[in-house]
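K.L.:
Right, I'll just put the structure down here and ask away after.
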Amino acid sequence: MNNTCEEILTIQGYGLAYLSADRIIISHNSTFSGFAGQHLDESPFIENIIPEVFGLEKPLAKVASGEEKYLILENVSRQIDESRELFLNISFFHLSDQSRPLLCLIQDVTNSALQKQKIIQQKHEINLLKHLSETRKKFLSSSLLGNSPPIKEIRRLIGKIALIPNSTVLLLGESGTGKNLAAQVIHYGSRSSDANFVEINCAAIPENLLESELFGYEKGAFTHAIKSKPGLLEEANGGTLFLDEIAEMPLTLQSKLLSVLESRRFRRLGSNREQEVHFRLIAATNRNLPQRISEGKFREDLYYRLNVISIELPPLRKMGQDILLIAGHFIEVFNLEFKKEVQGFTAAARQKLLKHTWPGNVRELSNCIERAMIFSEKNMIEEGELVFSKESVNLSSRWQIPATGIDLEEVEKQLILSALENSNGNKSQAARLLGLSRDTLRYRLEKYQID
Amino acid sequence: MSARMESSNLIKKKICLLGSFGVGKTSLVRRFVFDEFKDNYLSTIGVKVTEKIVAPVLDSNHKPIQYKFLIWDIEGHDKFNTMIRNYYLGASGGIFVADLTRPESVQTLKKTIAVFQEINPRACLTLAANKRDLYEENSEESIKILRQIDNLKIHYLLTSAKTGYNVEKLFYYLANRL
Ligand SMILES: Nc1nc2c(ncn2[C@@H]2O[C@H](COP(=O)(O)OP(=O)(O)OP(=O)(O)O)[C@@H](O)[C@H]2O)c(=O)[nH]1
Ligand SMILES: [Mg+2]
């Protein structure tokens, strides 16, 4: 390897060491000594310095000889202290240099590991839920967390529903109450882990697309159908189909759906072959369906077909002290994500959380805590750091365009700069403040040439 | 004891804990190494290696011998990509962990055992049928699970990381046979 490569790797934060064929460290950069800790002068052998290398003698001999090109140990965890964990990728590469045929690279991958942790954690908890009896349930997932009577009742109902795998379930509740999560809990509670959970939001997709998404199509079924595509009904076979915002489904599609539910058969668009499907349908809405029926916007027969078992998810304001429990859960989640050590809320902040009416429910609570934690410098979140989305909505509706007009792009640029400033240049946090994905933010940064 | 002295007397052995998510691998290590147990669950990502010097045992020639275990607590997995297979490399012992309350955690072990044995044909194996404290002895479900475990045809112990039941025995089963 040449010096430029070595420099680049060092600048990128890699620990780097050259080894002989028998794994003796010949030279290394200073980042490597950081990862190796004080063991570095105890022995020349890498396995005595990086304990995870012990046992890899044979595979490493293969890399040294060039029989294998590389060997990677991913996400090796190191506990730094009580609350901090570091994750490293430790890799070995073959070099065509007889005296030092092995290059060891160590990369800090803590951020991505913690992200993965968060995702896997929730999936596993949902999965474990079905095996835990009522008393042992330590279900952390936000919206189903709590001890208030309505939430306990919901957990009891979900436990029962899990036992009847094909029954249709209707989830009702204001937006942000966690209907999607409840649907997943039902799915993972009743199906084997390889059954699909397929979801679609009926309000987010134009009418004609929604139909082809659901039913799939054959090549040539319509102008742009250049090849056949299975629909979500097929994908959900053996698993669960979750239709969010079902009230927004167009009437024509409602009748087609009803027919699938009754016959358990359907055809792809442009096909005359009927297929059989078996899935559990979970539908959700925050609308008043009987009212939609009387307005002629929802089919009564479909409503009765869906309303076999319905669960109403309670709004946050009816969950009493559970608000604090859930808020505490979000602190744990965001501590991990932002590498902070926030302990809790001051008494005044707790009161403020309990008094708020939470029109946006758990989603609003999550955003509120996330925002507070981005800015919080202390280990207790204070009253003033809790900003409710209603306040910010009011704020935005107060913005007025001056008579002289504005330069929208300039305003956007300023807002992005200010978000970056507030988050100390952390792009993920800035994106969150702006309600953008990281990629969108990156694109805008390029567009405005912000560094 | 300094590190140098240690290494002259002790024989290092790599021991892997394997099995599906949430079966109690991390909890078994924590019980064995630190004699503690936590009720909350934090999924392991990647691998965490913990060292523990075990009490001297007699080798096959009845001579005392002392091991330092490098215990690999591997993230819960049912699939076997290169990342997972690399964790298995060079292990002398494998502890397969099943959850007595979840039959599917036993089913997936069949493949896990096969892959581990393919990589480490000479390794010593045992199985921990964990969460013994939750298991109701005479329930039909439990009997079914035990029958499945028995079918795997490897040594096993019922354990509980929570109460400590059989946890030392599990690790010393390996120490006595390496
Ligand atoms: N009652 C009881 N609970 C246990 C026992 N062992 C583990 N648990 C609990 O089961 C959950 C999962 O335990 P972990 O040790 O984290 O499981 P793991 O196998 O390391 O899980 P992954 O890292 O995701 O693969 C935790 O909530 C533990 O407290 C046991 O013997 N009895
Ligand atoms: Mg674990």
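Ordering of the structure tokens sets the chain letters (A, B, ...), residue numbers begin anew at 1 in every chain, and ligands are numbered from 1 in the order given.
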Would you please give, as number ranges by chain, all residues of stretch 38-132 of chain B that DSSP assigns to strand (DSSP E) based on the backbone?

P.N.:
B: 47-53, 57-58, 64-65, 67-74, 93-99, 124-130

K.L.:
Take the residues from that selection and write them out as a short mmCIF file (atom, residue, chain, number, x, y, z; two decimals), in the first residue's frame, keeping N, CA, C and O atoms.

P.N.:
data_model
loop_
_atom_site.label_atom_id
_atom_site.label_comp_id
_atom_site.auth_asym_id
_atom_site.auth_seq_id
_atom_site.Cartn_x
_atom_site.Cartn_y
_atom_site.Cartn_z
N VAL B 47 -20.93 -8.63 18.10
CA VAL B 47 -20.42 -9.58 19.08
C VAL B 47 -19.74 -8.85 20.22
O VAL B 47 -19.17 -7.77 20.03
N LYS B 48 -19.83 -9.42 21.41
CA LYS B 48 -19.12 -8.85 22.53
C LYS B 48 -18.33 -9.97 23.20
O LYS B 48 -18.91 -10.99 23.58
N VAL B 49 -17.04 -9.77 23.31
CA VAL B 49 -16.20 -10.81 23.88
C VAL B 49 -15.89 -10.47 25.34
O VAL B 49 -15.46 -9.36 25.64
N THR B 50 -16.16 -11.40 26.24
CA THR B 50 -15.87 -11.21 27.66
C THR B 50 -14.92 -12.32 28.09
O THR B 50 -15.10 -13.47 27.72
N GLU B 51 -13.92 -11.92 28.89
CA GLU B 51 -12.95 -12.92 29.32
C GLU B 51 -13.28 -13.40 30.72
O GLU B 51 -13.74 -12.63 31.55
N LYS B 52 -13.07 -14.66 30.96
CA LYS B 52 -13.24 -15.17 32.33
C LYS B 52 -12.27 -16.32 32.56
O LYS B 52 -12.19 -17.26 31.76
N ILE B 53 -11.55 -16.20 33.66
CA ILE B 53 -10.63 -17.29 34.01
C ILE B 53 -11.42 -18.29 34.84
O ILE B 53 -12.05 -17.92 35.83
N VAL B 57 -9.28 -27.30 36.19
CA VAL B 57 -9.96 -28.59 36.03
C VAL B 57 -8.89 -29.63 35.70
O VAL B 57 -7.73 -29.28 35.48
N LEU B 58 -9.26 -30.89 35.67
CA LEU B 58 -8.29 -31.94 35.33
C LEU B 58 -8.41 -32.26 33.85
O LEU B 58 -9.50 -32.41 33.33
N PRO B 64 -3.90 -31.07 36.50
CA PRO B 64 -4.66 -29.82 36.60
C PRO B 64 -4.31 -28.86 35.46
O PRO B 64 -3.14 -28.78 35.05
N ILE B 65 -5.32 -28.18 35.00
CA ILE B 65 -5.12 -27.29 33.86
C ILE B 65 -6.08 -26.13 34.05
O ILE B 65 -7.17 -26.30 34.60
N TYR B 67 -8.05 -22.71 32.33
CA TYR B 67 -8.41 -22.02 31.10
C TYR B 67 -8.79 -20.58 31.33
O TYR B 67 -9.36 -20.22 32.36
N LYS B 68 -8.51 -19.78 30.32
CA LYS B 68 -9.11 -18.44 30.25
C LYS B 68 -10.09 -18.50 29.08
O LYS B 68 -9.67 -18.71 27.93
N PHE B 69 -11.37 -18.36 29.39
CA PHE B 69 -12.38 -18.40 28.34
C PHE B 69 -12.54 -17.02 27.70
O PHE B 69 -12.66 -16.01 28.41
N LEU B 70 -12.50 -17.00 26.39
CA LEU B 70 -12.91 -15.79 25.67
C LEU B 70 -14.32 -16.07 25.20
O LEU B 70 -14.52 -16.86 24.27
N ILE B 71 -15.28 -15.50 25.89
CA ILE B 71 -16.68 -15.87 25.63
C ILE B 71 -17.28 -14.93 24.61
O ILE B 71 -17.36 -13.72 24.83
N TRP B 72 -17.67 -15.47 23.47
CA TRP B 72 -18.24 -14.67 22.38
C TRP B 72 -19.75 -14.67 22.47
O TRP B 72 -20.40 -15.67 22.17
N ASP B 73 -20.29 -13.54 22.89
CA ASP B 73 -21.75 -13.39 22.93
C ASP B 73 -22.17 -12.80 21.59
O ASP B 73 -21.97 -11.62 21.34
N ILE B 74 -22.74 -13.63 20.76
CA ILE B 74 -23.02 -13.24 19.37
C ILE B 74 -24.48 -12.80 19.24
O ILE B 74 -25.35 -13.35 19.90
N GLY B 93 -15.31 -24.24 21.74
CA GLY B 93 -16.56 -24.70 22.35
C GLY B 93 -17.73 -23.90 21.83
O GLY B 93 -17.60 -22.74 21.45
N GLY B 94 -18.90 -24.55 21.80
CA GLY B 94 -20.12 -23.86 21.38
C GLY B 94 -21.21 -24.12 22.39
O GLY B 94 -21.43 -25.27 22.79
N ILE B 95 -21.84 -23.04 22.84
CA ILE B 95 -23.00 -23.21 23.71
C ILE B 95 -24.22 -22.74 22.92
O ILE B 95 -24.32 -21.55 22.58
N PHE B 96 -25.09 -23.65 22.57
CA PHE B 96 -26.29 -23.30 21.82
C PHE B 96 -27.38 -23.02 22.83
O PHE B 96 -27.55 -23.77 23.79
N VAL B 97 -28.09 -21.91 22.61
CA VAL B 97 -29.07 -21.53 23.62
C VAL B 97 -30.47 -21.55 23.02
O VAL B 97 -30.71 -21.00 21.94
N ALA B 98 -31.38 -22.22 23.72
CA ALA B 98 -32.79 -22.24 23.31
C ALA B 98 -33.61 -21.65 24.44
O ALA B 98 -33.19 -21.64 25.60
N ASP B 99 -34.77 -21.14 24.09
CA ASP B 99 -35.66 -20.54 25.08
C ASP B 99 -36.81 -21.53 25.30
O ASP B 99 -37.55 -21.85 24.38
N CYS B 124 -16.19 -28.68 21.16
CA CYS B 124 -17.05 -29.36 22.12
C CYS B 124 -18.37 -28.59 22.22
O CYS B 124 -18.37 -27.36 22.29
N LEU B 125 -19.48 -29.30 22.21
CA LEU B 125 -20.77 -28.62 22.14
C LEU B 125 -21.65 -28.93 23.35
O LEU B 125 -21.62 -30.03 23.89
N THR B 126 -22.44 -27.94 23.72
CA THR B 126 -23.50 -28.20 24.69
C THR B 126 -24.66 -27.25 24.40
O THR B 126 -24.52 -26.32 23.60
N LEU B 127 -25.79 -27.54 25.02
CA LEU B 127 -26.97 -26.71 24.75
C LEU B 127 -27.58 -26.28 26.08
O LEU B 127 -27.67 -27.08 27.02
N ALA B 128 -27.95 -25.00 26.15
CA ALA B 128 -28.64 -24.51 27.33
C ALA B 128 -30.11 -24.33 26.99
O ALA B 128 -30.44 -23.55 26.10
N ALA B 129 -30.96 -25.08 27.63
CA ALA B 129 -32.41 -24.88 27.48
C ALA B 129 -32.78 -23.88 28.56
O ALA B 129 -33.01 -24.24 29.71
N ASN B 130 -32.79 -22.62 28.17
CA ASN B 130 -32.80 -21.53 29.16
C ASN B 130 -34.21 -21.06 29.53
O ASN B 130 -35.18 -21.38 28.87
#

K.L.:
Dump the neighbourhood of ligand 2 as a ChimeraX atom specification: all residues within 9 Å, distances computed on only C-alpha atoms and all ligand atoms.

P.N.:
/B:21-27,41-45,47-48,73-76

K.L.:
Using only C-alpha atoms, which residues sit within 9 Å of stretch 352-365 of chain A once same-chain residues fewer than 2 positions away are excluded, as a ChimeraX atom specification?

P.N.:
/A:142-143,174-178,315-318,320-321,323-324,326-327,330,347-350,367-370,383,386,388-390

K.L.:
Can you write out the residues you just picked, keeping C-alpha atoms, as an mmCIF file, in the first residue's frame?

P.N.:
data_model
loop_
_atom_site.group_PDB
_atom_site.id
_atom_site.type_symbol
_atom_site.label_atom_id
_atom_site.label_comp_id
_atom_site.auth_asym_id
_atom_site.auth_seq_id
_atom_site.Cartn_x
_atom_site.Cartn_y
_atom_site.Cartn_z
ATOM 1 C CA SER A 142 -43.902 3.347 22.698
ATOM 2 C CA SER A 143 -47.598 3.454 22.053
ATOM 3 C CA GLU A 174 -56.830 9.515 16.290
ATOM 4 C CA SER A 175 -53.781 10.015 14.160
ATOM 5 C CA GLY A 176 -50.526 9.325 15.948
ATOM 6 C CA THR A 177 -51.997 6.820 18.398
ATOM 7 C CA GLY A 178 -49.871 3.994 17.033
ATOM 8 C CA PRO A 315 -55.569 9.250 22.654
ATOM 9 C CA LEU A 316 -52.572 10.164 24.767
ATOM 10 C CA ARG A 317 -54.518 12.692 26.832
ATOM 11 C CA LYS A 318 -56.596 9.839 28.235
ATOM 12 C CA GLY A 320 -52.796 9.835 32.516
ATOM 13 C CA GLN A 321 -49.414 9.069 34.078
ATOM 14 C CA ILE A 323 -47.494 9.878 29.317
ATOM 15 C CA LEU A 324 -44.474 10.097 31.617
ATOM 16 C CA ILE A 326 -43.763 6.739 27.396
ATOM 17 C CA ALA A 327 -41.782 9.976 27.486
ATOM 18 C CA PHE A 330 -38.270 8.042 24.280
ATOM 19 C CA ALA A 347 -40.793 18.429 38.075
ATOM 20 C CA ALA A 348 -42.060 21.429 36.111
ATOM 21 C CA ALA A 349 -41.391 19.678 32.819
ATOM 22 C CA ARG A 350 -43.326 16.632 34.013
ATOM 23 C CA ASN A 367 -41.152 14.619 18.208
ATOM 24 C CA CYS A 368 -41.358 16.835 21.252
ATOM 25 C CA ILE A 369 -38.886 14.736 23.270
ATOM 26 C CA GLU A 370 -36.585 14.331 20.291
ATOM 27 C CA GLU A 383 -39.973 22.895 31.035
ATOM 28 C CA LEU A 386 -40.502 21.179 25.696
ATOM 29 C CA PHE A 388 -45.386 21.450 21.475
ATOM 30 C CA SER A 389 -46.049 21.129 17.797
ATOM 31 C CA LYS A 390 -49.214 23.169 18.164
#

K.L.:
Mind checking which residues fall within 9 Å of B:Val106, counting only C-alpha atoms, ignoring those fewer than 2 positions away in the same chain, and posting them as an mmCIF file with all heavy atoms, in the first residue's frame?

P.N.:
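New file around_34.cif:
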data_model
loop_
_atom_site.group_PDB
_atom_site.id
_atom_site.type_symbol
_atom_site.label_atom_id
_atom_site.label_comp_id
_atom_site.auth_asym_id
_atom_site.auth_seq_id
_atom_site.Cartn_x
_atom_site.Cartn_y
_atom_site.Cartn_z
ATOM 1 N N GLY B 19 -27.554 -18.753 19.073
ATOM 2 C CA GLY B 19 -28.987 -19.034 19.137
ATOM 3 C C GLY B 19 -29.784 -17.838 18.673
ATOM 4 O O GLY B 19 -29.234 -16.783 18.363
ATOM 5 N N SER B 20 -31.082 -18.027 18.634
ATOM 6 C CA SER B 20 -31.994 -16.997 18.147
ATOM 7 C C SER B 20 -31.993 -15.785 19.097
ATOM 8 O O SER B 20 -31.447 -15.862 20.202
ATOM 9 C CB SER B 20 -33.384 -17.617 18.061
ATOM 10 O OG SER B 20 -34.225 -16.779 17.349
ATOM 11 N N VAL B 97 -28.088 -21.913 22.612
ATOM 12 C CA VAL B 97 -29.067 -21.528 23.617
ATOM 13 C C VAL B 97 -30.466 -21.547 23.016
ATOM 14 O O VAL B 97 -30.709 -21.004 21.936
ATOM 15 C CB VAL B 97 -28.752 -20.125 24.193
ATOM 16 C CG1 VAL B 97 -29.698 -19.798 25.345
ATOM 17 C CG2 VAL B 97 -27.310 -20.060 24.668
ATOM 18 N N ALA B 98 -31.382 -22.217 23.720
ATOM 19 C CA ALA B 98 -32.785 -22.240 23.313
ATOM 20 C C ALA B 98 -33.610 -21.648 24.445
ATOM 21 O O ALA B 98 -33.187 -21.641 25.598
ATOM 22 C CB ALA B 98 -33.218 -23.670 23.051
ATOM 23 N N ASP B 99 -34.766 -21.135 24.092
ATOM 24 C CA ASP B 99 -35.662 -20.540 25.076
ATOM 25 C C ASP B 99 -36.808 -21.527 25.304
ATOM 26 O O ASP B 99 -37.553 -21.850 24.380
ATOM 27 C CB ASP B 99 -36.173 -19.203 24.494
ATOM 28 C CG ASP B 99 -37.148 -18.485 25.411
ATOM 29 O OD1 ASP B 99 -37.730 -19.130 26.298
ATOM 30 O OD2 ASP B 99 -37.322 -17.262 25.213
ATOM 31 N N LEU B 100 -36.917 -22.004 26.538
ATOM 32 C CA LEU B 100 -37.919 -23.034 26.831
ATOM 33 C C LEU B 100 -39.350 -22.557 26.613
ATOM 34 O O LEU B 100 -40.267 -23.355 26.585
ATOM 35 C CB LEU B 100 -37.757 -23.505 28.277
ATOM 36 C CG LEU B 100 -36.663 -24.531 28.505
ATOM 37 C CD1 LEU B 100 -36.424 -24.748 29.992
ATOM 38 C CD2 LEU B 100 -37.041 -25.852 27.851
ATOM 39 N N ARG B 102 -40.181 -20.809 23.880
ATOM 40 C CA ARG B 102 -40.389 -20.552 22.445
ATOM 41 C C ARG B 102 -39.904 -21.704 21.577
ATOM 42 O O ARG B 102 -38.723 -21.769 21.238
ATOM 43 C CB ARG B 102 -39.626 -19.285 22.051
ATOM 44 C CG ARG B 102 -40.339 -17.994 22.444
ATOM 45 C CD ARG B 102 -39.367 -16.855 22.515
ATOM 46 N NE ARG B 102 -38.667 -16.627 21.273
ATOM 47 C CZ ARG B 102 -37.462 -16.086 21.182
ATOM 48 N NH1 ARG B 102 -36.818 -15.729 22.272
ATOM 49 N NH2 ARG B 102 -36.904 -15.906 20.018
ATOM 50 N N PRO B 103 -40.808 -22.566 21.167
ATOM 51 C CA PRO B 103 -40.416 -23.739 20.384
ATOM 52 C C PRO B 103 -39.574 -23.385 19.158
ATOM 53 O O PRO B 103 -38.624 -24.102 18.837
ATOM 54 C CB PRO B 103 -41.759 -24.334 19.939
ATOM 55 C CG PRO B 103 -42.783 -23.745 20.826
ATOM 56 C CD PRO B 103 -42.247 -22.478 21.383
ATOM 57 N N GLU B 104 -39.867 -22.283 18.496
ATOM 58 C CA GLU B 104 -39.120 -21.999 17.259
ATOM 59 C C GLU B 104 -37.656 -21.684 17.552
ATOM 60 O O GLU B 104 -36.812 -21.794 16.667
ATOM 61 C CB GLU B 104 -39.794 -20.913 16.418
ATOM 62 C CG GLU B 104 -39.599 -19.481 16.883
ATOM 63 C CD GLU B 104 -40.540 -19.131 18.023
ATOM 64 O OE1 GLU B 104 -41.283 -20.022 18.483
ATOM 65 O OE2 GLU B 104 -40.530 -17.972 18.462
ATOM 66 N N THR B 108 -34.619 -23.552 15.040
ATOM 67 C CA THR B 108 -33.565 -22.920 14.263
ATOM 68 C C THR B 108 -32.174 -23.420 14.668
ATOM 69 O O THR B 108 -31.217 -23.253 13.928
ATOM 70 C CB THR B 108 -33.589 -21.390 14.415
ATOM 71 O OG1 THR B 108 -33.425 -21.084 15.790
ATOM 72 C CG2 THR B 108 -34.888 -20.804 13.924
ATOM 73 N N LEU B 109 -32.076 -24.032 15.858
ATOM 74 C CA LEU B 109 -30.754 -24.461 16.321
ATOM 75 C C LEU B 109 -30.159 -25.589 15.488
ATOM 76 O O LEU B 109 -28.949 -25.752 15.413
ATOM 77 C CB LEU B 109 -30.825 -24.901 17.788
ATOM 78 C CG LEU B 109 -30.821 -23.769 18.809
ATOM 79 C CD1 LEU B 109 -30.803 -24.337 20.213
ATOM 80 C CD2 LEU B 109 -29.597 -22.865 18.605
ATOM 81 N N LYS B 110 -31.020 -26.362 14.860
ATOM 82 C CA LYS B 110 -30.541 -27.490 14.072
ATOM 83 C C LYS B 110 -29.514 -27.008 13.033
ATOM 84 O O LYS B 110 -28.421 -27.541 12.914
ATOM 85 C CB LYS B 110 -31.739 -28.137 13.373
ATOM 86 C CG LYS B 110 -31.506 -29.544 13.025
ATOM 87 C CD LYS B 110 -32.801 -30.210 12.607
ATOM 88 C CE LYS B 110 -32.431 -31.557 12.021
ATOM 89 N NZ LYS B 110 -33.581 -32.363 11.713
ATOM 90 N N ALA B 129 -30.961 -25.079 27.633
ATOM 91 C CA ALA B 129 -32.407 -24.878 27.477
ATOM 92 C C ALA B 129 -32.782 -23.882 28.559
ATOM 93 O O ALA B 129 -33.014 -24.237 29.707
ATOM 94 C CB ALA B 129 -33.143 -26.197 27.630
ATOM 95 N N ILE B 145 -41.269 -29.207 23.714
ATOM 96 C CA ILE B 145 -39.993 -28.521 23.504
ATOM 97 C C ILE B 145 -38.826 -29.417 23.914
ATOM 98 O O ILE B 145 -37.835 -29.546 23.204
ATOM 99 C CB ILE B 145 -39.954 -27.190 24.278
ATOM 100 C CG1 ILE B 145 -40.959 -26.214 23.672
ATOM 101 C CG2 ILE B 145 -38.573 -26.592 24.273
ATOM 102 C CD1 ILE B 145 -40.870 -24.824 24.216
ATOM 103 N N GLN B 148 -38.095 -31.958 21.370
ATOM 104 C CA GLN B 148 -37.358 -31.380 20.226
ATOM 105 C C GLN B 148 -35.881 -31.215 20.551
ATOM 106 O O GLN B 148 -35.018 -31.478 19.719
ATOM 107 C CB GLN B 148 -37.912 -29.997 19.885
ATOM 108 C CG GLN B 148 -39.217 -30.022 19.121
ATOM 109 C CD GLN B 148 -39.702 -28.600 18.867
ATOM 110 O OE1 GLN B 148 -38.947 -27.653 19.005
ATOM 111 N NE2 GLN B 148 -40.962 -28.459 18.508
ATOM 112 N N ILE B 149 -35.601 -30.747 21.775
ATOM 113 C CA ILE B 149 -34.201 -30.547 22.173
ATOM 114 C C ILE B 149 -33.483 -31.887 22.185
ATOM 115 O O ILE B 149 -32.364 -32.025 21.679
ATOM 116 C CB ILE B 149 -34.136 -29.864 23.558
ATOM 117 C CG1 ILE B 149 -34.638 -28.430 23.437
ATOM 118 C CG2 ILE B 149 -32.725 -29.907 24.121
ATOM 119 C CD1 ILE B 149 -34.715 -27.680 24.746
ATOM 120 N N LEU B 152 -32.093 -33.128 18.981
ATOM 121 C CA LEU B 152 -30.902 -32.510 18.396
ATOM 122 C C LEU B 152 -29.659 -33.347 18.671
ATOM 123 O O LEU B 152 -28.600 -33.118 18.082
ATOM 124 C CB LEU B 152 -30.715 -31.087 18.932
ATOM 125 C CG LEU B 152 -31.791 -30.081 18.519
ATOM 126 C CD1 LEU B 152 -31.612 -28.768 19.281
ATOM 127 C CD2 LEU B 152 -31.731 -29.819 17.022
#

K.L.:
With a cut-off of 6 Å and counting only C-alpha atoms, select all residues of chain A in contact with chain B and give the selection as an NGL selection string.

P.N.:
:A and (55-56 or 75-77 or 121)

K.L.:
May I have the residues within 12 Å of stretch 224-236 of chain A as a PyMOL selection string, using only C-alpha atoms and disregarding those fewer than 4 positions away in the same chain?

P.N.:
chain A and resi 166+187+191+194-201+209-220+240-243+257+260-261+264-271+274-282

K.L.:
Extract, using only C-alpha atoms, all DNA, RNA and protein residues at most 12 Å from A:Tyr443, discarding same-chain residues fewer than 6 positions from it, and format them as a list in words.

P.N.:
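My reading of the contact set: Ile416, Lys427, Ala431, Leu436, Ser437, Gln449, Ile450 and Asp451 of chain A.
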
K.L.:
Using only C-alpha atoms, determine which residues lie at most 6 Å from A:Ser27, disregarding the query and same-chain residues fewer than 2 positions distant; provide the list as a tab-separated table (two decimals) with N, CA and C atoms, in the first residue's frame.

P.N.:
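As written to disk, part.tsv reads:
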chain	number	residue	atom	x	y	z
A	17	ALA	N	-2.59	-1.16	11.02
A	17	ALA	CA	-1.35	-1.82	11.45
A	17	ALA	C	-0.91	-2.80	10.38
A	18	TYR	N	0.41	-2.88	10.19
A	18	TYR	CA	0.98	-3.86	9.27
A	18	TYR	C	1.48	-5.04	10.09
A	25	ILE	N	2.99	-7.44	15.01
A	25	ILE	CA	2.76	-6.07	14.55
A	25	ILE	C	4.09	-5.42	14.19

K.L.:
State, in Å with one decimal place, the distance from atom CA of A:Phe375 to atom CA of A:Gly344.

P.N.:
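These atoms are spaced 14.3 Å apart.
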
K.L.:
Take atom CA of A:Glu300 and atom CA of A:Asn288 and report the distance between them in Å, one decimal.

P.N.:
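Rounded to one decimal, the two atoms are 12.6 Å apart.
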
K.L.:
Can you tell me, as a ChimeraX atom specification, which residues in stretch 340-423 of chain A count as alpha helix (DSSP H) by DSSP?

P.N.:
/A:347-355,361-375,389-398,408-422

K.L.:
Quote the spacing between atom CA of B:Leu158 and atom 5 (C, counted along the ligand's line) of ligand 1 in Å to one decimal place.

P.N.:
11.4 Å
